[in-house]
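What's in query-v3.cif: mmCIF, C-alpha atoms
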```cif
data_protein
#
loop_
_atom_site.label_atom_id
_atom_site.label_comp_id
_atom_site.auth_asym_id
_atom_site.auth_seq_id
_atom_site.Cartn_x
_atom_site.Cartn_y
_atom_site.Cartn_z
CA MET A 6 1.61 -0.07 -21.28
CA PRO A 7 3.48 -3.04 -19.76
CA LEU A 8 4.41 -3.04 -16.10
CA ASP A 9 7.22 -0.53 -15.56
CA PRO A 10 10.62 -2.31 -15.85
CA GLN A 11 11.67 -1.26 -12.35
CA LEU A 12 8.42 -2.59 -10.89
CA GLN A 13 8.73 -5.70 -13.03
CA ASP A 14 12.12 -6.35 -11.45
CA LEU A 15 10.64 -6.03 -7.96
CA ARG A 16 7.75 -8.29 -8.89
CA ASP A 17 10.13 -10.89 -10.37
CA GLN A 18 12.35 -10.79 -7.27
CA ARG A 19 9.30 -11.63 -5.17
CA ALA A 20 8.43 -14.48 -7.48
CA ARG A 21 11.96 -15.93 -7.44
CA SER A 22 12.10 -15.74 -3.64
CA GLY A 23 8.73 -17.46 -3.32
CA ALA A 24 7.39 -14.56 -1.26
CA THR A 25 4.08 -15.35 0.41
CA PRO A 26 1.33 -12.80 -0.30
CA LEU A 27 0.47 -10.77 2.77
CA TYR A 28 -3.11 -12.02 2.63
CA ALA A 29 -1.84 -15.58 3.12
CA LEU A 30 -0.07 -14.70 6.38
CA SER A 31 -1.35 -14.13 9.87
CA VAL A 32 -2.06 -10.50 10.75
CA GLU A 33 1.07 -10.27 12.91
CA GLN A 34 3.26 -11.83 10.20
CA ALA A 35 1.76 -9.52 7.58
CA ARG A 36 2.42 -6.45 9.72
CA ALA A 37 6.11 -7.34 10.06
CA ALA A 38 6.49 -8.24 6.37
CA ASP A 39 4.78 -5.01 5.28
CA LEU A 40 7.18 -2.85 7.29
CA ALA A 41 10.21 -4.78 6.00
CA ALA A 42 9.11 -4.43 2.36
CA ILE A 43 8.51 -0.69 2.70
CA ARG A 44 11.90 -0.12 4.30
CA ALA A 45 13.62 -2.18 1.60
CA SER A 46 12.29 -0.08 -1.29
CA GLY A 47 11.69 3.29 0.37
CA GLY A 48 15.16 4.81 -0.05
CA SER A 49 17.15 6.93 2.37
CA PRO A 50 15.27 9.05 4.91
CA ARG A 51 15.33 12.80 4.32
CA GLU A 52 17.03 14.84 7.01
CA LEU A 53 14.75 17.37 8.69
CA HIS A 54 15.06 20.08 11.31
CA ASP A 55 13.16 18.05 13.89
CA VAL A 56 11.03 14.90 14.21
CA THR A 57 9.08 14.44 17.43
CA ASP A 58 6.88 11.62 18.70
CA ARG A 59 4.08 12.29 21.15
CA THR A 60 0.63 11.05 22.10
CA VAL A 61 -2.66 12.92 21.95
CA PRO A 62 -6.14 12.08 23.22
CA GLY A 63 -8.31 9.92 20.99
CA PRO A 64 -11.84 8.55 21.21
CA GLY A 65 -10.57 5.13 22.31
CA GLY A 66 -7.47 6.19 24.22
CA PRO A 67 -4.14 7.90 23.48
CA LEU A 68 -3.12 8.16 19.83
CA PRO A 69 0.50 8.32 18.64
CA ILE A 70 1.47 11.16 16.33
CA ARG A 71 4.79 12.09 14.74
CA VAL A 72 5.52 15.72 13.92
CA TYR A 73 7.93 16.41 11.03
CA ARG A 74 9.37 19.93 10.99
CA PRO A 75 11.37 20.76 7.84
CA GLY A 76 12.94 23.90 9.28
CA PRO A 77 12.55 26.63 11.86
CA GLY A 78 9.61 28.98 11.71
CA ARG A 79 6.09 29.36 12.99
CA GLU A 80 2.60 29.38 11.49
CA LEU A 81 3.59 26.71 8.99
CA PRO A 82 0.88 24.98 6.96
CA VAL A 83 0.22 21.39 8.03
CA LEU A 84 -0.45 18.14 6.22
CA LEU A 85 -2.12 15.47 8.39
CA TYR A 86 -0.93 12.19 6.86
CA TYR A 87 -2.65 8.84 7.40
CA PHE A 88 -0.63 5.70 6.64
CA GLY A 89 -1.84 2.89 4.40
CA GLY A 90 -2.08 -0.80 5.14
CA GLY A 91 -5.66 -1.82 4.61
CA TRP A 92 -6.72 -0.53 8.06
CA THR A 93 -5.05 -3.74 9.31
CA LEU A 94 -1.33 -3.20 8.74
CA GLY A 95 0.81 -0.10 8.93
CA SER A 96 2.07 2.31 11.55
CA LEU A 97 3.81 5.64 11.87
CA ASP A 98 7.00 3.76 10.97
CA THR A 99 5.67 2.45 7.64
CA ALA A 100 4.87 6.04 6.57
CA ASP A 101 8.02 7.61 8.04
CA LEU A 102 9.98 7.87 4.79
CA LEU A 103 6.98 9.31 2.95
CA CYS A 104 6.26 11.87 5.65
CA ARG A 105 9.90 12.97 5.71
CA THR A 106 9.91 13.41 1.95
CA LEU A 107 6.66 15.37 1.89
CA ALA A 108 7.86 17.64 4.71
CA ALA A 109 11.16 18.29 2.94
CA GLU A 110 9.57 19.01 -0.44
CA THR A 111 6.64 21.11 0.76
CA GLY A 112 8.45 23.03 3.50
CA CYS A 113 5.37 22.42 5.65
CA LEU A 114 4.76 20.60 8.87
CA VAL A 115 3.67 17.02 8.35
CA VAL A 116 1.91 15.25 11.18
CA GLY A 117 1.63 11.48 10.88
CA VAL A 118 -1.41 10.28 12.79
CA GLY A 119 -1.59 6.81 14.29
CA TYR A 120 -4.95 5.08 14.51
CA ARG A 121 -6.40 1.86 15.84
CA LEU A 122 -6.10 -1.11 13.52
CA ALA A 123 -8.50 -3.86 12.55
CA PRO A 124 -9.37 -6.60 13.28
CA GLU A 125 -8.83 -5.57 16.89
CA HIS A 126 -10.63 -2.28 16.23
CA PRO A 127 -12.90 -2.49 13.16
CA PHE A 128 -14.69 0.31 11.31
CA PRO A 129 -15.31 3.10 12.21
CA ALA A 130 -12.56 3.30 14.87
CA ALA A 131 -9.83 4.37 12.44
CA VAL A 132 -11.99 7.10 10.88
CA HIS A 133 -12.77 8.69 14.23
CA ASP A 134 -9.15 8.44 15.38
CA CYS A 135 -7.98 10.25 12.23
CA HIS A 136 -10.64 12.91 12.70
CA ALA A 137 -9.57 13.33 16.33
CA GLY A 138 -5.98 13.81 15.20
CA LEU A 139 -7.05 16.60 12.87
CA ARG A 140 -9.09 18.29 15.58
CA TRP A 141 -6.20 18.07 18.06
CA VAL A 142 -3.71 19.63 15.63
CA ALA A 143 -6.14 22.46 14.88
CA GLU A 144 -6.74 23.12 18.57
CA HIS A 145 -3.00 23.04 19.38
CA ALA A 146 -1.77 24.87 16.30
CA ALA A 147 -0.03 27.62 18.29
CA GLU A 148 1.82 25.03 20.38
CA LEU A 149 3.01 23.26 17.22
CA GLY A 150 3.96 26.43 15.39
CA ALA A 151 1.24 25.66 12.86
CA ASP A 152 -1.26 27.76 10.95
CA ARG A 153 -4.75 26.57 11.87
CA ALA A 154 -6.12 28.22 8.72
CA ARG A 155 -3.94 26.09 6.44
CA LEU A 156 -4.56 22.41 7.13
CA ALA A 157 -4.73 19.56 4.61
CA VAL A 158 -5.23 15.83 4.92
CA GLY A 159 -3.73 13.03 2.89
CA GLY A 160 -2.81 9.39 2.77
CA ASP A 161 -2.13 6.42 0.56
CA SER A 162 -4.41 3.40 0.02
CA ALA A 163 -6.40 2.92 3.25
CA GLY A 164 -4.87 6.20 4.39
CA GLY A 165 -6.34 7.88 1.33
CA ASN A 166 -9.69 6.37 2.23
CA LEU A 167 -9.38 7.76 5.75
CA ALA A 168 -8.36 11.19 4.47
CA ALA A 169 -11.43 11.30 2.22
CA ALA A 170 -13.64 10.24 5.12
CA VAL A 171 -12.13 12.92 7.35
CA THR A 172 -12.98 15.60 4.78
CA LEU A 173 -16.63 14.52 5.05
CA LEU A 174 -16.52 14.80 8.85
CA ALA A 175 -14.72 18.14 8.72
CA ARG A 176 -17.36 19.48 6.33
CA THR A 177 -20.04 18.43 8.83
CA ASP A 178 -18.13 20.14 11.66
CA GLY A 179 -18.26 23.36 9.69
CA ASP A 180 -15.69 25.20 11.80
CA LEU A 181 -12.49 23.89 10.23
CA PRO A 182 -12.29 24.41 6.47
CA LEU A 183 -9.50 22.35 4.95
CA SER A 184 -7.11 23.74 2.35
CA GLY A 185 -6.63 20.52 0.41
CA GLN A 186 -6.59 16.73 0.26
CA LEU A 187 -4.05 14.28 -1.14
CA LEU A 188 -5.52 10.90 -2.09
CA VAL A 189 -3.03 8.32 -3.33
CA TYR A 190 -4.68 5.23 -4.84
CA PRO A 191 -7.48 5.51 -2.28
CA ASN A 192 -10.15 2.94 -1.48
CA THR A 193 -13.38 4.80 -2.18
CA ASP A 194 -15.94 2.01 -2.66
CA GLN A 195 -15.91 -1.11 -0.51
CA LEU A 196 -18.48 -2.74 -2.80
CA ALA A 197 -16.65 -2.04 -6.06
CA ASP A 198 -16.92 -4.59 -8.85
CA ASP A 199 -15.24 -2.88 -11.78
CA PRO A 200 -12.68 -3.81 -14.46
CA SER A 201 -9.60 -2.90 -12.44
CA MET A 202 -10.86 -4.92 -9.47
CA ARG A 203 -11.59 -7.94 -11.64
CA ASP A 204 -8.44 -7.76 -13.77
CA ASN A 205 -5.70 -7.42 -11.13
CA ALA A 206 -4.98 -10.82 -9.60
CA ASP A 207 -1.17 -11.17 -9.85
CA PRO A 208 -0.14 -12.88 -6.57
CA TYR A 209 3.15 -10.94 -6.45
CA LEU A 210 1.41 -7.56 -6.62
CA PHE A 211 -1.38 -6.01 -4.58
CA ASN A 212 -4.49 -7.60 -6.06
CA ARG A 213 -8.20 -8.19 -5.62
CA HIS A 214 -7.50 -10.92 -3.05
CA SER A 215 -5.52 -8.38 -1.00
CA VAL A 216 -8.50 -6.02 -1.08
CA ALA A 217 -10.87 -8.75 0.08
CA TRP A 218 -8.55 -9.76 2.94
CA TYR A 219 -8.30 -6.21 4.28
CA THR A 220 -12.01 -5.56 3.88
CA ARG A 221 -12.86 -8.74 5.75
CA HIS A 222 -10.81 -7.55 8.72
CA TYR A 223 -12.08 -3.96 8.65
CA LEU A 224 -15.82 -4.19 8.01
CA ALA A 225 -18.58 -6.11 9.77
CA GLY A 226 -20.75 -6.46 6.66
CA ALA A 227 -22.54 -4.86 3.73
CA ALA A 228 -24.11 -2.11 5.85
CA ASP A 229 -20.66 -0.90 6.88
CA ALA A 230 -19.40 -1.19 3.30
CA ALA A 231 -22.13 1.19 2.08
CA ASP A 232 -21.44 3.80 4.77
CA PRO A 233 -19.88 6.92 3.19
CA LEU A 234 -17.22 6.96 5.92
CA ALA A 235 -16.08 3.56 4.60
CA SER A 236 -16.96 4.23 0.95
CA PRO A 237 -16.71 7.98 0.24
CA LEU A 238 -17.74 7.37 -3.38
CA ARG A 239 -21.18 6.47 -2.00
CA ALA A 240 -21.62 9.81 -0.22
CA PRO A 241 -24.73 11.47 -1.71
CA ASP A 242 -23.13 14.91 -1.91
CA LEU A 243 -19.45 15.83 -2.33
CA ARG A 244 -19.94 19.56 -2.65
CA GLY A 245 -17.79 21.85 -0.54
CA LEU A 246 -14.88 19.44 -0.07
CA PRO A 247 -11.29 20.73 -0.33
CA PRO A 248 -9.27 20.75 -3.56
CA ALA A 249 -7.93 17.28 -4.31
CA LEU A 250 -5.06 15.52 -6.00
CA VAL A 251 -6.01 11.91 -6.78
CA ILE A 252 -3.13 9.66 -7.83
CA THR A 253 -3.87 6.22 -9.28
CA ALA A 254 -1.76 3.40 -10.71
CA GLU A 255 -2.46 1.49 -13.93
CA TYR A 256 -2.01 -1.99 -12.41
CA ASP A 257 -4.07 -1.51 -9.27
CA PRO A 258 -7.43 -3.05 -8.33
CA LEU A 259 -8.32 0.31 -6.75
CA ARG A 260 -7.64 2.30 -9.93
CA ASP A 261 -11.20 2.60 -11.21
CA GLN A 262 -12.78 3.55 -7.90
CA GLY A 263 -10.12 6.20 -7.27
CA GLU A 264 -10.72 7.70 -10.69
CA ALA A 265 -14.49 7.50 -10.21
CA TYR A 266 -14.10 9.49 -7.00
CA ALA A 267 -12.08 12.15 -8.81
CA ARG A 268 -14.88 12.46 -11.37
CA ARG A 269 -17.52 12.74 -8.65
CA LEU A 270 -15.52 15.48 -6.93
CA ALA A 271 -15.19 17.39 -10.19
CA GLU A 272 -18.92 17.03 -10.90
CA ALA A 273 -19.57 18.49 -7.44
CA GLY A 274 -17.50 21.57 -8.27
CA VAL A 275 -14.42 20.56 -6.27
CA PRO A 276 -11.10 21.49 -7.94
CA VAL A 277 -9.45 18.17 -8.81
CA GLU A 278 -6.20 17.07 -10.39
CA ALA A 279 -6.28 13.36 -11.27
CA THR A 280 -3.23 11.49 -12.53
CA ARG A 281 -2.90 7.83 -13.49
CA TYR A 282 0.73 6.65 -13.42
CA PRO A 283 1.18 4.26 -16.37
CA GLY A 284 3.00 0.99 -15.73
CA MET A 285 2.70 1.46 -11.99
CA ALA A 286 1.16 -0.85 -9.39
CA HIS A 287 -0.40 -0.21 -6.02
CA GLY A 288 2.23 0.77 -3.45
CA PHE A 289 4.61 2.54 -5.83
CA PHE A 290 4.25 5.90 -4.05
CA ALA A 291 6.34 4.54 -1.16
CA MET A 292 9.07 3.06 -3.39
CA SER A 293 11.34 6.06 -3.97
CA GLY A 294 14.41 3.90 -3.40
CA ALA A 295 13.51 1.55 -6.25
CA VAL A 296 11.04 3.20 -8.66
CA ASP A 297 11.68 6.54 -10.40
CA ALA A 298 7.95 7.28 -10.75
CA ALA A 299 7.66 7.41 -6.95
CA ALA A 300 9.84 10.52 -6.85
CA GLU A 301 7.73 12.05 -9.65
CA ALA A 302 4.55 11.37 -7.71
CA THR A 303 5.82 12.75 -4.41
CA ALA A 304 7.02 15.87 -6.22
CA GLN A 305 3.56 16.24 -7.77
CA ALA A 306 2.00 15.82 -4.34
CA ALA A 307 4.26 18.51 -2.91
CA ARG A 308 3.35 20.94 -5.70
CA HIS A 309 -0.35 20.30 -5.10
CA LEU A 310 -0.03 20.93 -1.38
CA ARG A 311 2.00 24.09 -1.87
CA ARG A 312 -0.65 25.36 -4.27
CA CYS A 313 -3.40 24.57 -1.75
CA PHE A 314 -1.47 26.45 0.91
CA GLY A 315 -0.82 29.49 -1.28
CA LEU A 316 2.92 28.85 -1.56
CA PRO A 317 5.16 28.99 -4.68
CA PRO A 318 5.13 25.74 -6.71
CA GLU A 319 8.70 24.86 -5.78
CA ARG A 320 10.26 25.26 -2.39
CA GLY A 321 12.76 28.12 -2.39
#
```

Rewrite the structure from the file as structure tokens, please.
Amino acid sequence: MPLDPQLQDLRDQRARSGATPLYALSVEQARAADLAAIRASGGSPRELHDVTDRTVPGPGGPLPIRVYRPGPGRELPVLLYYFGGGWTLGSLDTADLLCRTLAAETGCLVVGVGYRLAPEHPFPAAVHDCHAGLRWVAEHAAELGADRARLAVGGDSAGGNLAAAVTLLARTDGDLPLSGQLLVYPNTDQLADDPSMRDNADPYLFNRHSVAWYTRHYLAGAADAADPLASPLRAPDLRGLPPALVITAEYDPLRDQGEAYARRLAEAGVPVEATRYPGMAHGFFAMSGAVDAAAEATAQAARHLRRCFGLPPERG
């Protein structure tokens, strides 16, 4: 179908304003522009019982986390959420609206995990930071009022890539079974050359040039690109991973690799729900203030997480 009219309007506004693609900016300029764009289309923040910032130990130094508590209570399930931004942009602030929405709609704790960014800290720094965040939350579950037995990981774009990588590390650990994973238009293959990667080149949308720019900052070379922690689709065995929701967008260079990962998970016996949002482009999940489908997708994500945690489909 054509690009969704609401997304078309956003795309046309960028064209009329002569907006410079992020990949044509310096890293610092792109980081500021990314945050501004997300805030402009993200909508109003959901009110929660409590939101707390703190730091926790990480493999390269202290890591920032943000704990979103939708209401009082203890032994709440937890979603560890990893922000997107091509491992180069993004922060706890760029994912704040999403994390608030997911906490409100699931009734679960959401913990946003900060991680070191490229190019200052290339692969695999971000993967190990995200894994460390998961381990810390599990080890401090009682302190957080969380249920260690009900943990899930999720993220969008690069955050979805990191969530998938963390499930591989958690499976290797063997002592921390995860209840679920939420992968929103995830990067799963750094070497992908497929129709969606070739076809999406619109300079006013996330495109194949965007992917190349981020990859160039994150990875040292082809050996890194083939590593399953960078390209989970290239993992030889996906058996035993947690139930997954994989959300993709029709006009997204990452569409085909996300859907290929969903198929691989299903072939490995992992329960998978895969949904392509027609007319949508990469980034729509964070556009609840401008795009109706974003609210549909976050509601779907909340239902998936509640199902993984053994809760009723809708929050009571």

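This file gives the following result for the PyMOL selection byres ((chain A and resi 215-220) around 9): A:Pro26, A:Leu27, A:Tyr28, A:Ala29, A:Gly90, A:Gly91, A:Trp92, A:Thr93, A:Leu94, A:Ala123, A:Gln195, A:Met202, A:Ala206, A:Pro208, A:Leu210, A:Phe211, A:Asn212, A:Arg213, A:His214, A:Arg221, A:His222, A:Tyr223, A:Leu224, A:Ala225, A:Ala230, A:Pro258, A:Leu259.
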
- Task: Evaluate the PyMOL selection byres ((chain A and resi 51-56) around 8) on the structure here and hand back the selected residues as a ChimeraX atom specification.
- Result: /A:49-50,57-58,71-77,102,105-106,108-109

- Query: Distance atom CA of Ala154 of chain A-atom CA of Gln305 of chain A, one decimal place?
  - Reply: 22.6 Å

Which residues of segment 106-152 of chain A come within 12 Å of segment 183-193 of chain A, and for each one, what is the closest pair of atoms and their distance in Å to one decimal, counting all atoms listed in the file, sorted by chain and residue number, as a tab-separated table?
```
residue	atom	partner	partner_atom	distance
A:Leu107	CA	A:Leu187	CA	11.2
A:Leu139	CA	A:Leu183	CA	10.1
A:Arg140	CA	A:Leu183	CA	11.4
A:Ala143	CA	A:Leu183	CA	10.5
A:Asp152	CA	A:Ser184	CA	11.2
```

- Item | Hits from the PyMOL selection byres ((chain A and resi 301) around 12), listed as a count of residues only | 23

- Message: Given the point (9.6, -0.6, -12.8) in the file's coordinates, find the residues that have an atom at most 9 Å from it, counting only C-alpha atoms, and give them as a list in words.
- Response: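 The answer, in the requested form, is Leu8, Asp9, Pro10, Gln11, Leu12, Gln13, Asp14, Leu15, Arg16, Gly284, Met285, Ala295, Val296, Asp297 and Ala298 of chain A.
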
- Query: Using only C-alpha atoms, which residue out of A:Leu181, A:Leu196, A:Ala286, A:Leu68 lies closest to Tyr256 of chain A?
  - Reply: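 Closest to Tyr256 of chain A of all the choices is A:Ala286.
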
Give me segment 16-42 of chain A with N, CA and C atoms filled in, as a PDB file, in the frame of the given file.
```pdb
ATOM      1  N   ARG A  16       8.720  -7.207  -8.843  1.00  0.00           N
ATOM      2  CA  ARG A  16       7.750  -8.290  -8.890  1.00  0.00           C
ATOM      3  C   ARG A  16       8.447  -9.633  -9.128  1.00  0.00           C
ATOM      4  N   ASP A  17       9.432  -9.648 -10.050  1.00  0.00           N
ATOM      5  CA  ASP A  17      10.130 -10.890 -10.370  1.00  0.00           C
ATOM      6  C   ASP A  17      11.008 -11.360  -9.194  1.00  0.00           C
ATOM      7  N   GLN A  18      11.582 -10.423  -8.465  1.00  0.00           N
ATOM      8  CA  GLN A  18      12.350 -10.790  -7.270  1.00  0.00           C
ATOM      9  C   GLN A  18      11.452 -11.503  -6.260  1.00  0.00           C
ATOM     10  N   ARG A  19      10.233 -10.988  -6.081  1.00  0.00           N
ATOM     11  CA  ARG A  19       9.300 -11.630  -5.170  1.00  0.00           C
ATOM     12  C   ARG A  19       8.962 -13.036  -5.636  1.00  0.00           C
ATOM     13  N   ALA A  20       8.761 -13.172  -6.945  1.00  0.00           N
ATOM     14  CA  ALA A  20       8.430 -14.480  -7.480  1.00  0.00           C
ATOM     15  C   ALA A  20       9.577 -15.471  -7.288  1.00  0.00           C
ATOM     16  N   ARG A  21      10.805 -15.026  -7.570  1.00  0.00           N
ATOM     17  CA  ARG A  21      11.960 -15.930  -7.440  1.00  0.00           C
ATOM     18  C   ARG A  21      12.177 -16.350  -5.991  1.00  0.00           C
ATOM     19  N   SER A  22      11.893 -15.428  -5.060  1.00  0.00           N
ATOM     20  CA  SER A  22      12.100 -15.740  -3.640  1.00  0.00           C
ATOM     21  C   SER A  22      10.957 -16.560  -3.053  1.00  0.00           C
ATOM     22  N   GLY A  23       9.880 -16.731  -3.833  1.00  0.00           N
ATOM     23  CA  GLY A  23       8.730 -17.460  -3.320  1.00  0.00           C
ATOM     24  C   GLY A  23       8.004 -16.714  -2.222  1.00  0.00           C
ATOM     25  N   ALA A  24       8.015 -15.381  -2.303  1.00  0.00           N
ATOM     26  CA  ALA A  24       7.390 -14.560  -1.260  1.00  0.00           C
ATOM     27  C   ALA A  24       5.910 -14.921  -1.107  1.00  0.00           C
ATOM     28  N   THR A  25       5.488 -15.052   0.118  1.00  0.00           N
ATOM     29  CA  THR A  25       4.080 -15.350   0.410  1.00  0.00           C
ATOM     30  C   THR A  25       3.278 -14.065   0.389  1.00  0.00           C
ATOM     31  N   PRO A  26       2.162 -14.019  -0.336  1.00  0.00           N
ATOM     32  CA  PRO A  26       1.330 -12.800  -0.300  1.00  0.00           C
ATOM     33  C   PRO A  26       0.927 -12.465   1.131  1.00  0.00           C
ATOM     34  N   LEU A  27       0.826 -11.182   1.417  1.00  0.00           N
ATOM     35  CA  LEU A  27       0.470 -10.770   2.770  1.00  0.00           C
ATOM     36  C   LEU A  27      -0.853 -11.372   3.211  1.00  0.00           C
ATOM     37  N   TYR A  28      -1.789 -11.515   2.268  1.00  0.00           N
ATOM     38  CA  TYR A  28      -3.110 -12.020   2.630  1.00  0.00           C
ATOM     39  C   TYR A  28      -3.103 -13.512   2.966  1.00  0.00           C
ATOM     40  N   ALA A  29      -1.964 -14.171   2.741  1.00  0.00           N
ATOM     41  CA  ALA A  29      -1.840 -15.580   3.120  1.00  0.00           C
ATOM     42  C   ALA A  29      -1.114 -15.760   4.450  1.00  0.00           C
ATOM     43  N   LEU A  30      -0.759 -14.668   5.094  1.00  0.00           N
ATOM     44  CA  LEU A  30      -0.070 -14.700   6.380  1.00  0.00           C
ATOM     45  C   LEU A  30      -1.038 -14.389   7.508  1.00  0.00           C
ATOM     46  N   SER A  31      -0.593 -14.619   8.726  1.00  0.00           N
ATOM     47  CA  SER A  31      -1.350 -14.130   9.870  1.00  0.00           C
ATOM     48  C   SER A  31      -1.235 -12.610   9.915  1.00  0.00           C
ATOM     49  N   VAL A  32      -2.105 -11.961  10.654  1.00  0.00           N
ATOM     50  CA  VAL A  32      -2.060 -10.500  10.750  1.00  0.00           C
ATOM     51  C   VAL A  32      -0.709 -10.042  11.292  1.00  0.00           C
ATOM     52  N   GLU A  33      -0.204 -10.691  12.329  1.00  0.00           N
ATOM     53  CA  GLU A  33       1.070 -10.270  12.910  1.00  0.00           C
ATOM     54  C   GLU A  33       2.216 -10.480  11.922  1.00  0.00           C
ATOM     55  N   GLN A  34       2.222 -11.597  11.211  1.00  0.00           N
ATOM     56  CA  GLN A  34       3.260 -11.830  10.200  1.00  0.00           C
ATOM     57  C   GLN A  34       3.162 -10.796   9.083  1.00  0.00           C
ATOM     58  N   ALA A  35       1.950 -10.492   8.654  1.00  0.00           N
ATOM     59  CA  ALA A  35       1.760  -9.520   7.580  1.00  0.00           C
ATOM     60  C   ALA A  35       2.230  -8.132   8.001  1.00  0.00           C
ATOM     61  N   ARG A  36       1.980  -7.759   9.246  1.00  0.00           N
ATOM     62  CA  ARG A  36       2.420  -6.450   9.720  1.00  0.00           C
ATOM     63  C   ARG A  36       3.944  -6.330   9.665  1.00  0.00           C
ATOM     64  N   ALA A  37       4.650  -7.370  10.093  1.00  0.00           N
ATOM     65  CA  ALA A  37       6.110  -7.340  10.060  1.00  0.00           C
ATOM     66  C   ALA A  37       6.637  -7.342   8.632  1.00  0.00           C
ATOM     67  N   ALA A  38       6.039  -8.162   7.759  1.00  0.00           N
ATOM     68  CA  ALA A  38       6.490  -8.240   6.370  1.00  0.00           C
ATOM     69  C   ALA A  38       6.237  -6.936   5.627  1.00  0.00           C
ATOM     70  N   ASP A  39       5.121  -6.285   5.912  1.00  0.00           N
ATOM     71  CA  ASP A  39       4.780  -5.010   5.280  1.00  0.00           C
ATOM     72  C   ASP A  39       5.821  -3.951   5.617  1.00  0.00           C
ATOM     73  N   LEU A  40       6.185  -3.833   6.871  1.00  0.00           N
ATOM     74  CA  LEU A  40       7.180  -2.850   7.290  1.00  0.00           C
ATOM     75  C   LEU A  40       8.528  -3.146   6.637  1.00  0.00           C
ATOM     76  N   ALA A  41       8.932  -4.419   6.604  1.00  0.00           N
ATOM     77  CA  ALA A  41      10.210  -4.780   6.000  1.00  0.00           C
ATOM     78  C   ALA A  41      10.246  -4.440   4.517  1.00  0.00           C
ATOM     79  N   ALA A  42       9.157  -4.711   3.802  1.00  0.00           N
ATOM     80  CA  ALA A  42       9.110  -4.430   2.360  1.00  0.00           C
ATOM     81  C   ALA A  42       9.190  -2.932   2.096  1.00  0.00           C
TER      82      ALA A  42
END
```
